[in-house]
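Asker: One file: work_18.cif (mmCIF, C-alpha atoms and all ligand atoms).
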```cif
data_input
loop_
_atom_site.label_atom_id
_atom_site.label_comp_id
_atom_site.auth_asym_id
_atom_site.auth_seq_id
_atom_site.Cartn_x
_atom_site.Cartn_y
_atom_site.Cartn_z
CA MET A 1 58.12 -65.05 25.18
CA ASN A 2 56.58 -68.25 26.55
CA ILE A 3 52.80 -67.79 26.49
CA GLU A 4 51.92 -71.24 27.81
CA GLY A 5 50.28 -71.68 31.19
CA TYR A 6 48.29 -68.46 31.39
CA ASP A 7 44.52 -68.37 31.91
CA LEU A 8 44.23 -64.84 30.56
CA ILE A 9 46.28 -62.27 28.67
CA VAL A 10 45.66 -58.57 29.29
CA VAL A 11 47.03 -56.09 26.77
CA GLY A 12 47.38 -52.67 28.43
CA ALA A 13 48.38 -51.91 32.03
CA GLY A 14 46.10 -48.87 32.35
CA PHE A 15 43.33 -48.78 34.95
CA TYR A 16 41.04 -51.03 32.93
CA GLY A 17 43.60 -53.76 32.25
CA ALA A 18 45.06 -53.55 35.76
CA THR A 19 41.61 -53.94 37.34
CA VAL A 20 40.78 -56.98 35.19
CA ALA A 21 44.18 -58.55 35.94
CA GLU A 22 43.97 -57.85 39.68
CA ARG A 23 40.46 -59.28 40.03
CA MET A 24 41.23 -62.42 38.03
CA ALA A 25 44.52 -63.01 39.88
CA LYS A 26 42.63 -62.71 43.14
CA LYS A 27 40.43 -65.58 41.92
CA GLY A 28 43.57 -67.67 41.41
CA LYS A 29 43.90 -67.22 37.64
CA LYS A 30 47.32 -66.87 36.05
CA VAL A 31 47.43 -63.59 34.13
CA LEU A 32 50.00 -62.18 31.71
CA VAL A 33 49.85 -58.38 31.45
CA ILE A 34 51.75 -56.63 28.66
CA ASP A 35 52.08 -52.97 27.76
CA ARG A 36 54.10 -51.42 24.99
CA ARG A 37 55.00 -48.44 27.13
CA GLU A 38 57.85 -48.68 29.60
CA HIS A 39 55.53 -47.89 32.52
CA VAL A 40 52.18 -48.99 33.97
CA ALA A 41 49.01 -46.90 34.59
CA GLY A 42 48.38 -45.94 30.95
CA ASN A 43 47.46 -42.33 30.38
CA ALA A 44 46.98 -41.73 34.10
CA TYR A 45 50.66 -42.47 34.81
CA SER A 46 52.50 -40.17 37.18
CA TYR A 47 55.93 -40.48 38.75
CA ARG A 48 57.86 -38.59 41.39
CA ASP A 49 60.72 -36.25 40.49
CA GLU A 50 63.37 -37.19 43.06
CA LYS A 51 64.91 -33.70 43.44
CA THR A 52 61.73 -31.72 44.07
CA GLY A 53 59.26 -34.39 45.15
CA ILE A 54 56.84 -33.20 42.46
CA ASP A 55 54.56 -35.91 41.11
CA ILE A 56 54.62 -35.47 37.33
CA HIS A 57 51.48 -36.47 35.43
CA LYS A 58 53.06 -37.65 32.19
CA TYR A 59 49.94 -37.31 30.01
CA GLY A 60 48.29 -34.24 31.55
CA SER A 61 46.53 -33.57 34.86
CA HIS A 62 44.61 -36.49 36.35
CA ILE A 63 42.25 -35.88 39.26
CA PHE A 64 40.47 -38.89 40.65
CA HIS A 65 36.76 -38.29 41.18
CA THR A 66 33.77 -40.58 41.41
CA GLU A 67 30.18 -40.83 42.52
CA ASP A 68 30.45 -44.59 42.72
CA ASP A 69 31.03 -46.16 46.15
CA GLU A 70 32.03 -49.52 44.67
CA VAL A 71 34.84 -47.90 42.66
CA TRP A 72 35.98 -45.84 45.65
CA GLU A 73 36.07 -48.88 47.94
CA TYR A 74 37.99 -50.80 45.31
CA ILE A 75 40.65 -48.20 44.51
CA THR A 76 41.26 -47.18 48.12
CA GLN A 77 42.55 -50.72 48.78
CA PHE A 78 45.63 -49.65 46.84
CA THR A 79 46.15 -46.03 47.84
CA ASP A 80 45.18 -43.19 50.14
CA PHE A 81 43.99 -39.96 48.54
CA ASN A 82 44.62 -36.42 49.74
CA ASP A 83 41.74 -33.94 50.20
CA TYR A 84 42.39 -31.96 47.02
CA VAL A 85 39.22 -30.50 45.50
CA HIS A 86 39.65 -29.46 41.88
CA THR A 87 39.01 -25.86 40.77
CA VAL A 88 40.07 -24.38 37.41
CA PRO A 89 40.22 -20.68 36.70
CA THR A 90 40.07 -19.54 33.09
CA ARG A 91 42.21 -16.66 31.85
CA HIS A 92 40.75 -13.97 29.60
CA ASP A 93 42.68 -10.75 28.84
CA GLY A 94 45.10 -11.53 31.67
CA LYS A 95 42.38 -11.89 34.30
CA LEU A 96 41.28 -15.16 35.99
CA TYR A 97 37.60 -16.17 36.11
CA PRO A 98 36.02 -19.18 37.89
CA MET A 99 35.05 -22.00 35.54
CA PRO A 100 32.45 -23.51 35.03
CA ILE A 101 30.66 -20.18 34.81
CA ASN A 102 29.29 -19.15 38.20
CA LEU A 103 27.87 -15.99 39.78
CA ASP A 104 31.38 -14.56 40.26
CA THR A 105 32.32 -15.24 36.61
CA ILE A 106 29.24 -13.31 35.45
CA ASN A 107 29.76 -10.35 37.80
CA LEU A 108 33.49 -10.12 36.95
CA LEU A 109 32.86 -10.20 33.20
CA TYR A 110 30.04 -7.65 33.19
CA GLY A 111 31.45 -5.51 36.03
CA THR A 112 28.19 -5.99 37.97
CA ASN A 113 27.23 -7.01 41.46
CA MET A 114 24.13 -9.09 40.75
CA ASP A 115 22.68 -11.57 43.20
CA ALA A 116 21.76 -15.09 42.06
CA GLU A 117 18.21 -14.26 41.03
CA GLU A 118 19.22 -11.13 39.09
CA ALA A 119 22.05 -12.96 37.34
CA GLU A 120 19.79 -15.84 36.28
CA LYS A 121 17.27 -13.43 34.81
CA PHE A 122 20.06 -11.45 33.14
CA VAL A 123 21.63 -14.52 31.45
CA ALA A 124 18.21 -15.71 30.27
CA GLU A 125 17.62 -12.26 28.69
CA GLU A 126 21.09 -12.27 27.09
CA ALA A 127 20.35 -15.70 25.61
CA LYS A 128 16.96 -14.58 24.32
CA LYS A 129 18.38 -11.38 22.81
CA ALA A 130 20.13 -13.35 20.05
CA GLY A 131 16.76 -14.72 18.87
CA ILE A 132 18.09 -18.19 18.00
CA THR A 133 15.31 -20.76 18.33
CA ASN A 134 16.66 -23.54 16.14
CA PRO A 135 20.48 -23.55 16.49
CA LYS A 136 22.17 -25.03 13.42
CA ASN A 137 25.71 -25.34 14.75
CA PHE A 138 27.85 -25.22 17.92
CA GLU A 139 28.17 -21.43 17.80
CA GLU A 140 24.44 -20.78 17.50
CA LYS A 141 23.74 -23.32 20.23
CA GLY A 142 26.26 -21.68 22.59
CA ILE A 143 24.80 -18.22 22.04
CA SER A 144 21.26 -19.52 22.48
CA LEU A 145 22.23 -21.04 25.85
CA VAL A 146 24.11 -18.17 27.57
CA GLY A 147 24.12 -15.19 25.21
CA GLU A 148 26.84 -13.83 22.94
CA LYS A 149 29.28 -12.35 25.47
CA LEU A 150 29.61 -15.30 27.85
CA TYR A 151 29.75 -17.71 24.91
CA THR A 152 32.35 -15.74 22.94
CA THR A 153 34.56 -15.07 25.95
CA PHE A 154 34.63 -18.49 27.57
CA ILE A 155 33.36 -21.14 25.17
CA LYS A 156 34.04 -20.18 21.56
CA ASN A 157 37.83 -19.77 21.42
CA TYR A 158 38.56 -22.60 23.82
CA SER A 159 36.41 -25.00 21.78
CA GLU A 160 37.83 -23.80 18.45
CA LYS A 161 41.33 -24.49 19.77
CA GLN A 162 40.26 -27.93 21.01
CA TRP A 163 38.69 -28.94 17.72
CA SER A 164 40.98 -26.92 15.46
CA THR A 165 38.07 -25.59 13.43
CA SER A 166 35.52 -22.77 13.50
CA ALA A 167 32.62 -23.27 15.95
CA THR A 168 30.28 -22.73 13.02
CA ASN A 169 31.64 -25.98 11.49
CA LEU A 170 30.96 -27.97 14.66
CA SER A 171 27.71 -29.79 15.30
CA ALA A 172 25.20 -28.26 17.72
CA ASP A 173 24.91 -31.73 19.30
CA ILE A 174 28.38 -31.48 20.87
CA LEU A 175 27.02 -28.79 23.18
CA SER A 176 24.03 -30.20 25.01
CA ARG A 177 24.34 -27.63 27.81
CA ILE A 178 26.66 -25.03 29.27
CA PRO A 179 26.67 -25.38 33.04
CA VAL A 180 26.01 -22.05 34.76
CA ARG A 181 25.88 -21.89 38.55
CA TYR A 182 24.10 -19.05 40.24
CA SER A 183 26.25 -19.43 43.35
CA HIS A 184 29.90 -19.01 44.36
CA ASP A 185 30.55 -22.75 43.99
CA ASP A 186 33.70 -23.14 41.91
CA ARG A 187 34.29 -26.88 42.33
CA TYR A 188 35.02 -28.40 38.95
CA PHE A 189 33.57 -31.80 39.87
CA MET A 190 30.52 -30.57 41.70
CA THR A 191 28.73 -33.92 41.93
CA ALA A 192 31.75 -36.03 42.87
CA LYS A 193 31.09 -37.87 46.10
CA HIS A 194 34.78 -38.74 46.38
CA GLN A 195 37.76 -36.93 44.89
CA GLY A 196 41.46 -36.44 45.48
CA ILE A 197 44.98 -37.12 44.31
CA PRO A 198 46.67 -40.42 45.25
CA VAL A 199 49.31 -39.63 47.87
CA ASN A 200 52.06 -41.59 46.08
CA GLY A 201 50.93 -40.93 42.51
CA TYR A 202 49.16 -43.07 39.90
CA GLY A 203 52.05 -45.32 38.90
CA ALA A 204 52.30 -46.54 42.51
CA ILE A 205 48.60 -47.53 42.55
CA VAL A 206 48.92 -49.77 39.52
CA ASP A 207 52.23 -51.23 40.77
CA LYS A 208 50.35 -52.31 43.87
CA MET A 209 47.38 -53.66 41.91
CA LEU A 210 49.67 -55.84 39.81
CA ASP A 211 51.84 -56.98 42.73
CA ASN A 212 50.41 -60.50 42.84
CA GLU A 213 52.16 -63.84 42.39
CA ASN A 214 49.57 -64.82 39.78
CA ILE A 215 50.42 -61.81 37.57
CA THR A 216 53.36 -61.59 35.19
CA LEU A 217 54.00 -58.07 33.88
CA ARG A 218 55.94 -57.41 30.69
CA LEU A 219 56.51 -53.75 29.81
CA SER A 220 57.87 -52.40 26.50
CA THR A 221 56.03 -55.26 24.79
CA ALA A 222 53.68 -54.52 21.89
CA PHE A 223 50.82 -56.96 21.27
CA SER A 224 51.92 -57.35 17.65
CA THR A 225 55.12 -59.03 18.86
CA ILE A 226 53.26 -61.86 20.63
CA ILE A 227 49.91 -62.18 18.84
CA ASP A 228 51.05 -65.03 16.59
CA GLU A 229 52.28 -67.07 19.56
CA ILE A 230 48.99 -66.98 21.48
CA PRO A 231 47.10 -70.29 21.52
CA GLU A 232 43.47 -69.83 20.38
CA ASN A 233 42.10 -71.16 23.66
CA ILE A 234 43.64 -68.39 25.78
CA PRO A 235 41.30 -65.41 26.14
CA VAL A 236 42.79 -61.97 25.56
CA VAL A 237 41.51 -58.63 26.89
CA TYR A 238 42.87 -56.02 24.49
CA CYS A 239 42.84 -52.38 25.73
CA GLY A 240 44.25 -50.86 22.55
CA GLN A 241 42.79 -49.48 19.31
CA VAL A 242 40.84 -52.01 17.28
CA ASP A 243 41.70 -50.38 13.93
CA GLU A 244 45.41 -50.72 14.71
CA LEU A 245 44.96 -54.36 15.69
CA LEU A 246 43.32 -55.07 12.32
CA ASP A 247 45.99 -53.12 10.43
CA TYR A 248 43.60 -50.26 9.56
CA GLU A 249 41.90 -52.54 7.05
CA LEU A 250 38.69 -50.48 7.08
CA GLY A 251 40.34 -47.08 7.62
CA VAL A 252 41.48 -45.03 10.62
CA LEU A 253 39.14 -44.43 13.59
CA PRO A 254 39.34 -40.66 14.17
CA TYR A 255 40.62 -39.11 17.41
CA ARG A 256 41.82 -35.74 18.68
CA SER A 257 45.29 -35.67 20.15
CA LEU A 258 47.38 -33.43 22.44
CA LYS A 259 50.94 -32.14 22.66
CA PHE A 260 52.62 -31.25 25.94
CA GLU A 261 55.41 -28.69 26.31
CA ALA A 262 57.18 -28.82 29.66
CA GLU A 263 59.65 -26.59 31.51
CA TRP A 264 61.16 -26.38 34.97
CA VAL A 265 60.82 -22.91 36.46
CA ASP A 266 62.14 -21.24 39.59
CA GLU A 267 59.28 -19.40 41.25
CA ASN A 268 61.74 -16.76 42.53
CA SER A 269 62.51 -15.64 38.98
CA ASP A 270 60.72 -12.93 36.97
CA ASP A 271 59.77 -15.37 34.26
CA ALA A 272 56.08 -15.27 33.20
CA SER A 273 55.69 -19.01 33.86
CA ALA A 274 57.18 -18.57 37.34
CA LYS A 275 54.71 -15.81 38.13
CA ASP A 276 51.84 -17.96 36.87
CA SER A 277 53.01 -20.86 38.99
CA LYS A 278 53.12 -18.71 42.10
CA LEU A 279 49.38 -18.08 41.73
CA GLY A 280 49.05 -21.56 43.26
CA HIS A 281 46.56 -23.14 40.86
CA ALA A 282 47.14 -26.70 39.64
CA VAL A 283 45.58 -25.85 36.25
CA ILE A 284 44.73 -22.62 34.43
CA ASN A 285 42.57 -22.70 31.29
CA GLU A 286 43.31 -20.23 28.49
CA ALA A 287 40.14 -18.80 26.94
CA ASP A 288 41.70 -16.45 24.37
CA ALA A 289 42.32 -17.18 20.69
CA ASP A 290 45.79 -15.60 20.64
CA VAL A 291 47.10 -18.16 23.15
CA ALA A 292 47.58 -21.40 21.21
CA TYR A 293 47.49 -23.73 24.22
CA THR A 294 44.32 -24.58 26.14
CA ARG A 295 45.65 -25.36 29.61
CA THR A 296 48.73 -24.87 31.76
CA HIS A 297 49.45 -27.41 34.49
CA PHE A 298 51.40 -26.71 37.68
CA TYR A 299 51.49 -30.23 39.11
CA LYS A 300 52.97 -29.46 42.49
CA TYR A 301 49.76 -27.74 43.56
CA TYR A 302 47.97 -31.09 43.61
CA GLN A 303 50.19 -32.20 46.49
CA ILE A 304 48.40 -30.41 49.29
CA HIS A 305 49.36 -33.26 51.62
CA GLU A 306 53.06 -32.41 51.18
CA PRO A 307 53.71 -28.80 52.29
CA GLU A 308 57.46 -29.23 51.73
CA VAL A 309 56.82 -29.88 48.00
CA LEU A 310 54.61 -26.79 47.75
CA LYS A 311 57.10 -24.56 49.55
CA GLN A 312 60.25 -25.38 47.56
CA PRO A 313 60.76 -22.89 44.70
CA LYS A 314 60.89 -25.26 41.73
CA SER A 315 57.81 -25.90 39.66
CA TYR A 316 57.19 -28.16 36.68
CA VAL A 317 55.03 -26.23 34.23
CA VAL A 318 53.32 -27.94 31.31
CA ARG A 319 51.40 -26.31 28.47
CA GLU A 320 48.80 -28.45 26.73
CA TYR A 321 48.17 -27.94 23.01
CA PRO A 322 45.34 -29.65 21.12
CA ALA A 323 46.69 -31.52 18.09
CA ASP A 324 45.46 -33.46 15.11
CA PHE A 325 45.66 -37.19 15.49
CA VAL A 326 47.74 -39.06 12.97
CA ARG A 327 47.69 -42.82 12.51
CA GLY A 328 50.07 -44.39 15.03
CA GLY A 329 50.14 -41.25 17.22
CA GLU A 330 48.67 -40.76 20.72
CA ALA A 331 44.89 -41.20 20.61
CA TYR A 332 43.31 -39.05 23.34
CA TYR A 333 39.71 -38.11 22.56
CA PRO A 334 37.54 -40.25 20.24
CA ILE A 335 35.34 -38.32 17.83
CA ASN A 336 32.03 -40.06 18.49
CA ASN A 337 29.80 -39.12 15.58
CA GLU A 338 27.45 -41.40 13.65
CA GLN A 339 29.90 -42.13 10.84
CA ASN A 340 32.74 -43.06 13.20
CA GLU A 341 30.44 -45.23 15.34
CA GLU A 342 29.50 -47.19 12.22
CA LEU A 343 33.16 -47.73 11.36
CA TYR A 344 33.85 -48.85 14.93
CA ALA A 345 30.94 -51.34 14.82
CA LYS A 346 32.32 -52.84 11.57
CA TYR A 347 35.73 -53.26 13.20
CA VAL A 348 34.17 -55.02 16.20
CA GLU A 349 32.41 -57.46 13.87
CA LEU A 350 35.61 -58.11 11.92
CA LEU A 351 37.55 -58.69 15.12
CA HIS A 352 35.06 -61.31 16.34
CA GLU A 353 35.26 -63.14 13.02
CA ARG A 354 39.01 -63.13 12.88
CA TYR A 355 40.01 -63.44 16.55
CA PRO A 356 37.14 -64.99 18.56
CA ASN A 357 39.36 -65.15 21.68
CA ILE A 358 40.08 -61.38 21.77
CA MET A 359 37.75 -59.15 23.81
CA LEU A 360 37.98 -55.37 23.62
CA GLY A 361 38.47 -53.41 26.83
CA GLY A 362 39.43 -49.98 28.14
CA ARG A 363 38.71 -46.58 26.66
CA LEU A 364 40.64 -47.30 23.44
CA GLY A 365 39.03 -50.69 22.88
CA ALA A 366 35.58 -49.24 23.54
CA TYR A 367 36.26 -46.10 21.42
CA ARG A 368 34.86 -43.99 24.26
CA TYR A 369 36.08 -41.18 26.48
CA TRP A 370 36.04 -42.58 30.04
CA ASP A 371 37.28 -41.02 33.23
CA MET A 372 39.39 -43.28 35.43
CA ASP A 373 36.47 -44.24 37.64
CA LYS A 374 34.44 -45.29 34.60
CA ALA A 375 37.34 -47.41 33.30
CA ILE A 376 37.56 -49.14 36.70
CA LYS A 377 33.77 -49.55 37.01
CA ASN A 378 33.51 -51.05 33.51
CA ALA A 379 36.38 -53.42 34.28
CA LEU A 380 34.77 -54.53 37.56
CA ASP A 381 31.49 -55.19 35.72
CA PHE A 382 33.27 -57.01 32.89
CA VAL A 383 35.11 -59.33 35.27
CA LYS A 384 31.79 -60.37 36.85
CA THR A 385 30.75 -61.77 33.45
CA LEU A 386 34.11 -63.24 32.45
CA GLU A 387 34.26 -67.03 32.48
CA VAL A 388 37.82 -68.24 32.36
C1 LIG B 1 44.50 -35.25 28.87
C2 LIG B 1 43.66 -36.19 29.66
C3 LIG B 1 43.30 -35.87 30.96
C4 LIG B 1 42.53 -36.73 31.71
N1 LIG B 1 42.18 -36.36 32.98
C5 LIG B 1 41.43 -37.18 33.73
C6 LIG B 1 41.06 -36.81 35.04
O1 LIG B 1 41.39 -35.73 35.55
N2 LIG B 1 40.31 -37.68 35.76
C7 LIG B 1 39.89 -38.89 35.25
O2 LIG B 1 39.22 -39.64 35.96
N3 LIG B 1 40.25 -39.27 34.00
C8 LIG B 1 41.00 -38.46 33.23
N4 LIG B 1 41.36 -38.84 31.96
C9 LIG B 1 40.95 -40.17 31.46
C10 LIG B 1 41.94 -41.29 31.87
O3 LIG B 1 43.18 -41.06 31.28
C11 LIG B 1 41.33 -42.64 31.40
O4 LIG B 1 40.10 -42.85 32.05
C12 LIG B 1 42.18 -43.85 31.74
O5 LIG B 1 43.47 -43.67 31.27
C13 LIG B 1 41.53 -45.07 31.10
O6 LIG B 1 42.28 -46.22 31.37
P1 LIG B 1 42.36 -47.39 30.28
O7 LIG B 1 43.03 -48.51 30.96
O8 LIG B 1 41.02 -47.60 29.70
O9 LIG B 1 43.25 -46.79 29.09
P2 LIG B 1 44.74 -46.26 29.02
O10 LIG B 1 45.13 -45.56 30.25
O11 LIG B 1 44.87 -45.54 27.74
O12 LIG B 1 45.61 -47.60 28.97
C14 LIG B 1 45.73 -48.39 27.82
C15 LIG B 1 47.10 -49.02 27.81
O13 LIG B 1 47.16 -49.98 26.74
C16 LIG B 1 48.44 -49.93 26.17
N5 LIG B 1 48.34 -50.43 24.79
C17 LIG B 1 47.53 -49.98 23.80
N6 LIG B 1 47.72 -50.69 22.68
C18 LIG B 1 48.68 -51.61 22.95
C19 LIG B 1 49.31 -52.62 22.18
N7 LIG B 1 48.99 -52.83 20.91
N8 LIG B 1 50.27 -53.38 22.77
C20 LIG B 1 50.61 -53.17 24.08
N9 LIG B 1 50.03 -52.22 24.85
C21 LIG B 1 49.08 -51.45 24.29
C22 LIG B 1 48.80 -48.45 26.21
O14 LIG B 1 50.21 -48.28 26.13
C23 LIG B 1 48.22 -48.02 27.55
O15 LIG B 1 49.18 -48.10 28.58
C24 LIG B 1 42.08 -37.96 31.16
C25 LIG B 1 42.45 -38.29 29.85
C26 LIG B 1 43.19 -37.41 29.10
C27 LIG B 1 43.50 -37.76 27.69
#
```
If you convert what's in this file into structure tokens, what do you get?
Ligand SMILES: Cc1cc2nc3c(=O)[nH]c(=O)nc-3n(C[C@H](O)[C@H](O)[C@H](O)COP(=O)(O)OP(=O)(O)OC[C@H]3O[C@@H](n4cnc5c(N)ncnc54)[C@H](O)[C@@H]3O)c2cc1C
Answerer:
Amino acid sequence: MNIEGYDLIVVGAGFYGATVAERMAKKGKKVLVIDRREHVAGNAYSYRDEKTGIDIHKYGSHIFHTEDDEVWEYITQFTDFNDYVHTVPTRHDGKLYPMPINLDTINLLYGTNMDAEEAEKFVAEEAKKAGITNPKNFEEKGISLVGEKLYTTFIKNYSEKQWSTSATNLSADILSRIPVRYSHDDRYFMTAKHQGIPVNGYGAIVDKMLDNENITLRLSTAFSTIIDEIPENIPVVYCGQVDELLDYELGVLPYRSLKFEAEWVDENSDDASAKDSKLGHAVINEADADVAYTRTHFYKYYQIHEPEVLKQPKSYVVREYPADFVRGGEAYYPINNEQNEELYAKYVELLHERYPNIMLGGRLGAYRYWDMDKAIKNALDFVKTLEV
């Protein structure tokens, strides 16, 4: 590939890379964007199934939500959003409970009819009953926050599945708080000022962001295949894993991963998945230990702006399983403990020594979990400081 003539190279066409490329192209800079996947939008990518009209979120459910007006103004230049407001019931012993825990969750679990004040007092007493004043691990912390029954039913098994280890092996620090609402509010993103699902999906947003004569997009192109051709004076924004870039010289930066198992179901059938889909939730969490997956996604229920998609009987059902991360696999959630942060910092130092023209960007480059709005916000801030 001819690399000459570009002012900037962006590796990764996810929201971070696309925002950097779009802003710089708008300033008249020539930008080359590459991604090793065959599609844009990174982990947020979704595409429309032609037969059913269902927008399939390739890497799990993505709901756009933000408290930041700058991000909202920016992203709404490229798409409209529907009015979807995210709620997620959790299943325990075949019954659905609102999550995060609210007044209805508590009354359903205990078979009570408490008002807000009574429930608050009750949960505080339950928490106190365990007598844990100095929690030494995740389990003790959870019990000390909401009491044994709420913790064991809704937090313990789900978290053990996510981390693939006993809650007694996990650090108490992971669990700073367990949100409990003494109201009927079941919105998942309670503080989001703006939220919704893009009306034409996530892939279409990034296509539009990159549709600029100053941007050249090359998909199915890994950075390793062009790195040696890049002149040292061309800056590179790299939105991948820094350990991979440096050939794992200092070891592997740890992540948790996921596996997705998908099936098409006909909601008119007697199949268990079909019955679940007909409940009309976009996501159901699975709280019990004997169900290996943590979430089931029913993507069509995000498309509240398209009644014809909701009404047709087909549904695309995806089960999400937590998985160990292996080198070279899909890195989803960084494990941000002290030891891993130190390793990351060493990699950053090594990168600057070896490749002074490469800047790290995006959630992988930063070794952080970011929601989409955070990735966009960080990219907007970064571009303000970028001198090219
Ligand atoms: C299961 C799951 C659910 C999520 N749900 C939500 C949600 O509901 N709402 C929300 O706001 N956020 C959600 N997120 C977070 C969201 O996915 C991220 O915020 C977003 O993807 C970050 O964008 P990014 O550009 O930083 O990274 P990414 O989207 O990961 O993009 C990085 C891109 O770089 C490419 N790349 C990496 N290395 C190389 C290389 N060496 N050569 C070429 N290309 C490379 C990758 O192929 C990828 O396309 C979720 C994340 C996960 C894992």
Asker: Counting all atoms listed in the file, which residues have an atom no more than 8 Å from (30.5, -15.7, 37.2) in the file's coordinates? Please list them as a PyMOL selection string.
Answerer: chain A and resi 97-99+101-109+181-182+184
Asker: Those residues you just picked out, can you put them in a file as a short mmCIF file (atom, residue, chain, number, x, y, z; two decimals), in the coordinates of the input with C-alpha atoms?
Answerer:
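File produced: result-v6.cif:
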```cif
data_model
loop_
_atom_site.label_atom_id
_atom_site.label_comp_id
_atom_site.auth_asym_id
_atom_site.auth_seq_id
_atom_site.Cartn_x
_atom_site.Cartn_y
_atom_site.Cartn_z
CA TYR A 97 37.60 -16.17 36.11
CA PRO A 98 36.02 -19.18 37.89
CA MET A 99 35.05 -22.00 35.54
CA ILE A 101 30.66 -20.18 34.81
CA ASN A 102 29.29 -19.15 38.20
CA LEU A 103 27.87 -15.99 39.78
CA ASP A 104 31.38 -14.56 40.26
CA THR A 105 32.32 -15.24 36.61
CA ILE A 106 29.24 -13.31 35.45
CA ASN A 107 29.76 -10.35 37.80
CA LEU A 108 33.49 -10.12 36.95
CA LEU A 109 32.86 -10.20 33.20
CA ARG A 181 25.88 -21.89 38.55
CA TYR A 182 24.10 -19.05 40.24
CA HIS A 184 29.90 -19.01 44.36
#
```
Asker: Set out as a tab-separated table a contact list for range 95-174 of chain A and range 333-344 of chain A with a cut-off of 10 Å, giving each residue of range 95-174 of chain A that qualifies its closest atom pair and distance in Å to one decimal, counting only C-alpha atoms, ordered by chain and rising residue number.
Answerer:
```
residue	atom	partner	partner_atom	distance
A:Trp163	CA	A:Ile335	CA	10.0
A:Ser171	CA	A:Asn337	CA	9.6
A:Asp173	CA	A:Asn337	CA	9.6
A:Ile174	CA	A:Asn337	CA	9.4
```
Asker: Suppose we keep C-alpha atoms; can you now write the selection as a PDB file, in the coordinates of the input?
Answerer:
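The resulting file, out-v8.pdb, is shown below:
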```
ATOM      1  CA  TRP A 163      38.690 -28.940  17.720  1.00  0.00           C
ATOM      2  CA  SER A 171      27.710 -29.790  15.300  1.00  0.00           C
ATOM      3  CA  ASP A 173      24.910 -31.730  19.300  1.00  0.00           C
ATOM      4  CA  ILE A 174      28.380 -31.480  20.870  1.00  0.00           C
TER       5      ILE A 174
END
```
Asker: So how far away is CA of Val85 in chain A from CA of Ala262 in chain A, in Å?
Answerer: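 Taking CA of Ala262 in chain A and CA of Val85 in chain A, their separation equals 24.0 Å.
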Asker: Have a look at A:Leu96, A:Ile3, A:Ala323, A:Leu8 and name the one nearest to Ala292 in chain A; count only C-alpha atoms.
Answerer: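 Looking only at the distances to Ala292 in chain A, the closest residue turns out to be A:Ala323.
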Asker: Pick out the closest residue to ligand LIG 1 (chain B) from this set: A:His194, A:His62, A:Lys27, A:His352. Count all atoms listed in the file.
Answerer: A:His62
Asker: Which one is closest to ligand LIG 1 (chain B): A:Glu140, A:Glu38, A:Asp80, A:Glu117? Count only C-alpha atoms and all ligand atoms.
Answerer: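 Ranked by minimum distance to ligand LIG 1 (chain B), first place goes to A:Glu38.
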